[in-house]
Amino acid sequence: MDARLSGLSGDDDLSALVSEAARAANAHNTQPWSVDRQGDELVLRRDRARTLGASDPRGRDTMLSFGAFVESLLVCAASAGVGLGFEASTGGDAETDEVGRFSRHPEGYQTRFSSADVRGRRVWRGRWRDGGPGPDLLQEAAVETERMGFRLVSMPTRDARPILVRANRWFFGEQATVAELDQWTRLSPRHPRYDEDGLNDAMLVLSKVERVGLRTLIGPRVFRALRGLGLPGLLARMSASATQGSGTVLGVVGPAGAQQELAAGRLLTRLWLGFQRHGLYVHPQSAPLDCPETRAMLDERWQVAPDEQLVAWFRVGIPASDPTARVASPRRSGG
Ligand SMILES: Cc1cc2nc3c(=O)[nH]c(=O)nc-3n(C[C@H](O)[C@H](O)[C@H](O)COP(=O)(O)O)c2cc1C
């Protein structure tokens with residue numbers, strides 16, 4: 001079902017809020033959610049046709065994406081003066097795929113962010129200037145993270161780069177993850193869903209030559225033919241821009257479990273919006289968390305306990321050019 005709120009008259013405002021909130025960060029830009037109205041409530045559900053498989057082996061990124069959507073909708077509602085609260089569904093209803101419910105809340109959501117922040121947020125995949133968040137900003141982020149029961153960890157980009165290259169080599173060495181990337185990339189404006197979802201050439205900051213090259217390389221025939229000839233290594237190095245130059249990579253560690261991932265998605269959204277207010281952008285990377293080898297390295301470095309998990313890993317820094325000059329990533333209409 002579409003993310004549009006259908007039904008009762010007077011729903012237009014809520015429908016507009018849902019569309020605004022759909023600007024939330026989400027893995028591969030699949031926008032894995034749907035929202036429908038039930039009585040006075042808005043029900044958030046998983047859209048199975050839009051849920052990643054091989055690229056999200058633990059389902060973590062999907063839950064984080066739902067969390068990002070929840071936080072974004074609460075911020076947009078508060079900004080519009082609409083009092084909304086959210087309650088997560090416990091137990092994960094497999095039949096209805098319900099994630100949680102939004103309902104009217106007399107006091108509304110308390111937040112320092114606005115719908116302008118949600119609209120302006122974007123991931124940065126271009127070149128970076130050297131430097132990162134200062135100690136005060138990092139401290140502020142650490143306090144916010146701890147308030148939610150998580151902890152913020154960091155490493156310099158020089159340590160992060162070999163980890164990312166190794167993780168990407170794993171990612172590009174797996175036929176299933178590359179096939180899913182192929183499914184969700186739109187490397188030509190002629191792609192029928194270029195303006196709706198997925199990862200397009202503009203978002204990936206690819207030149208014309210690069211986009212044609214990548215499209216060819218990850219297509220099933222060429223990929224199969226070149227897989228054994230060093231193609232995964234080449235793609236891994238090409239995709240390590242998040243660790244370019246001298247800067248900071250942050251991680252978020254917290255209790256394990258799907259509900260905690262939902263909470264972490266909300267937290268990440270607040271952290272990323274907070275950084276962005278200071279001109280700092282982020283580039284999240286999932287492969288270091290999913291590649292068993294790099295995951296073990298990170299768990300050891302950051303002393304992740306058996307009942308904890310590393311939920312996110314992202315570069316935070318200063319873009320070398322103005323991110324707002326680039327076109328925003330696409331969203332399907334109606335949310
Ligand atoms: C949980 C999560 C995981 C992500 N993982 C990656 C990643 O591994 N590599 C990447 O380039 N972007 C990653 N992203 C960024 C998304 O691709 C991005 O949010 C989406 O394409 C929409 O673009 P926008 O955030 O600029 O609007 C991730 C985002 C989320 C929320």
# chains A, B, ... in the order shown; residues from 1 in each chain; ligands from 1
>>> residues_around(residues="Ala296 in chain A", least_positions_apart="3", cutoff="12 Å", atoms="only C-alpha atoms", output="list of chain:residue names")
A:Ile163, A:Ala167, A:Pro288, A:Leu289, A:Asp290, A:Cys291, A:Pro292, A:Glu293, A:Asp299, A:Glu300, A:Arg301, A:Trp302, A:Gln303, A:Val304, A:Ala305, A:Pro306, A:Gln309, A:Leu310
>>> residues_near_ligand(ligand="ligand 1", cutoff="6 Å", atoms="only C-alpha atoms and all ligand atoms", output="list of chain:residue names")
A:Arg23, A:Ala25, A:Asn26, A:Ala27, A:His28, A:Asn29, A:Asp61, A:Leu64, A:Ser65, A:Arg122, A:Val123, A:Leu199, A:Pro284, A:Gln285, A:Ser286, A:Ala287, A:Ser329
>>> residues_around(residues="range 77-82 of chain A", least_positions_apart="2", cutoff="6 Å", atoms="only C-alpha atoms", output="ChimeraX atom specification")
/A:73-75,109,114-115
>>> closest_atom_pairs(of="range 135-216 of chain A", to="range 322-328 of chain A", cutoff="10 Å", atoms="only C-alpha atoms", output="JSON lines")
{"residue": "A:Ala202", "atom": "CA", "partner": "A:Val327", "partner_atom": "CA", "distance": 7.5}
{"residue": "A:Met203", "atom": "CA", "partner": "A:Ala328", "partner_atom": "CA", "distance": 7.8}
{"residue": "A:Val205", "atom": "CA", "partner": "A:Arg326", "partner_atom": "CA", "distance": 9.3}
>>> write_last_selection(atoms="N, CA and C atoms", output="PDB file, in the first residue's frame")
ATOM      1  N   ALA A 202      23.288  10.753  -9.495  1.00  0.00           N
ATOM      2  CA  ALA A 202      23.544  12.039  -8.843  1.00  0.00           C
ATOM      3  C   ALA A 202      23.850  11.822  -7.362  1.00  0.00           C
ATOM      4  N   MET A 203      23.055  10.962  -6.705  1.00  0.00           N
ATOM      5  CA  MET A 203      23.288  10.699  -5.282  1.00  0.00           C
ATOM      6  C   MET A 203      24.642  10.049  -5.046  1.00  0.00           C
ATOM      7  N   VAL A 205      27.174  10.529  -6.728  1.00  0.00           N
ATOM      8  CA  VAL A 205      28.189  11.483  -7.180  1.00  0.00           C
ATOM      9  C   VAL A 205      29.088  10.850  -8.254  1.00  0.00           C
TER      10      VAL A 205
END
>>> select_by_dssp(residues="range 64-237 of chain A", states="alpha helix (DSSP H)", output="ChimeraX atom specification")
/A:64-79,115-120,135-147,157-173,175-184,208-218,220-226,231-237
>>> select_by_dssp(residues="range 246-327 of chain A", states="strand (DSSP E or B)", output="VMD selection string")
chain A and resid 248 to 255 281 to 284 308 to 319
>>> closest_residue(among="A:Gly173, A:Gly247, A:Gly108, A:Gly120", to="Gln276 in chain A", atoms="only C-alpha atoms")
A:Gly120
>>> closest_residue(among="A:Arg315, A:Arg295, A:Arg270, A:Lys208", to="Arg121 in chain A", atoms="only C-alpha atoms")
A:Arg270
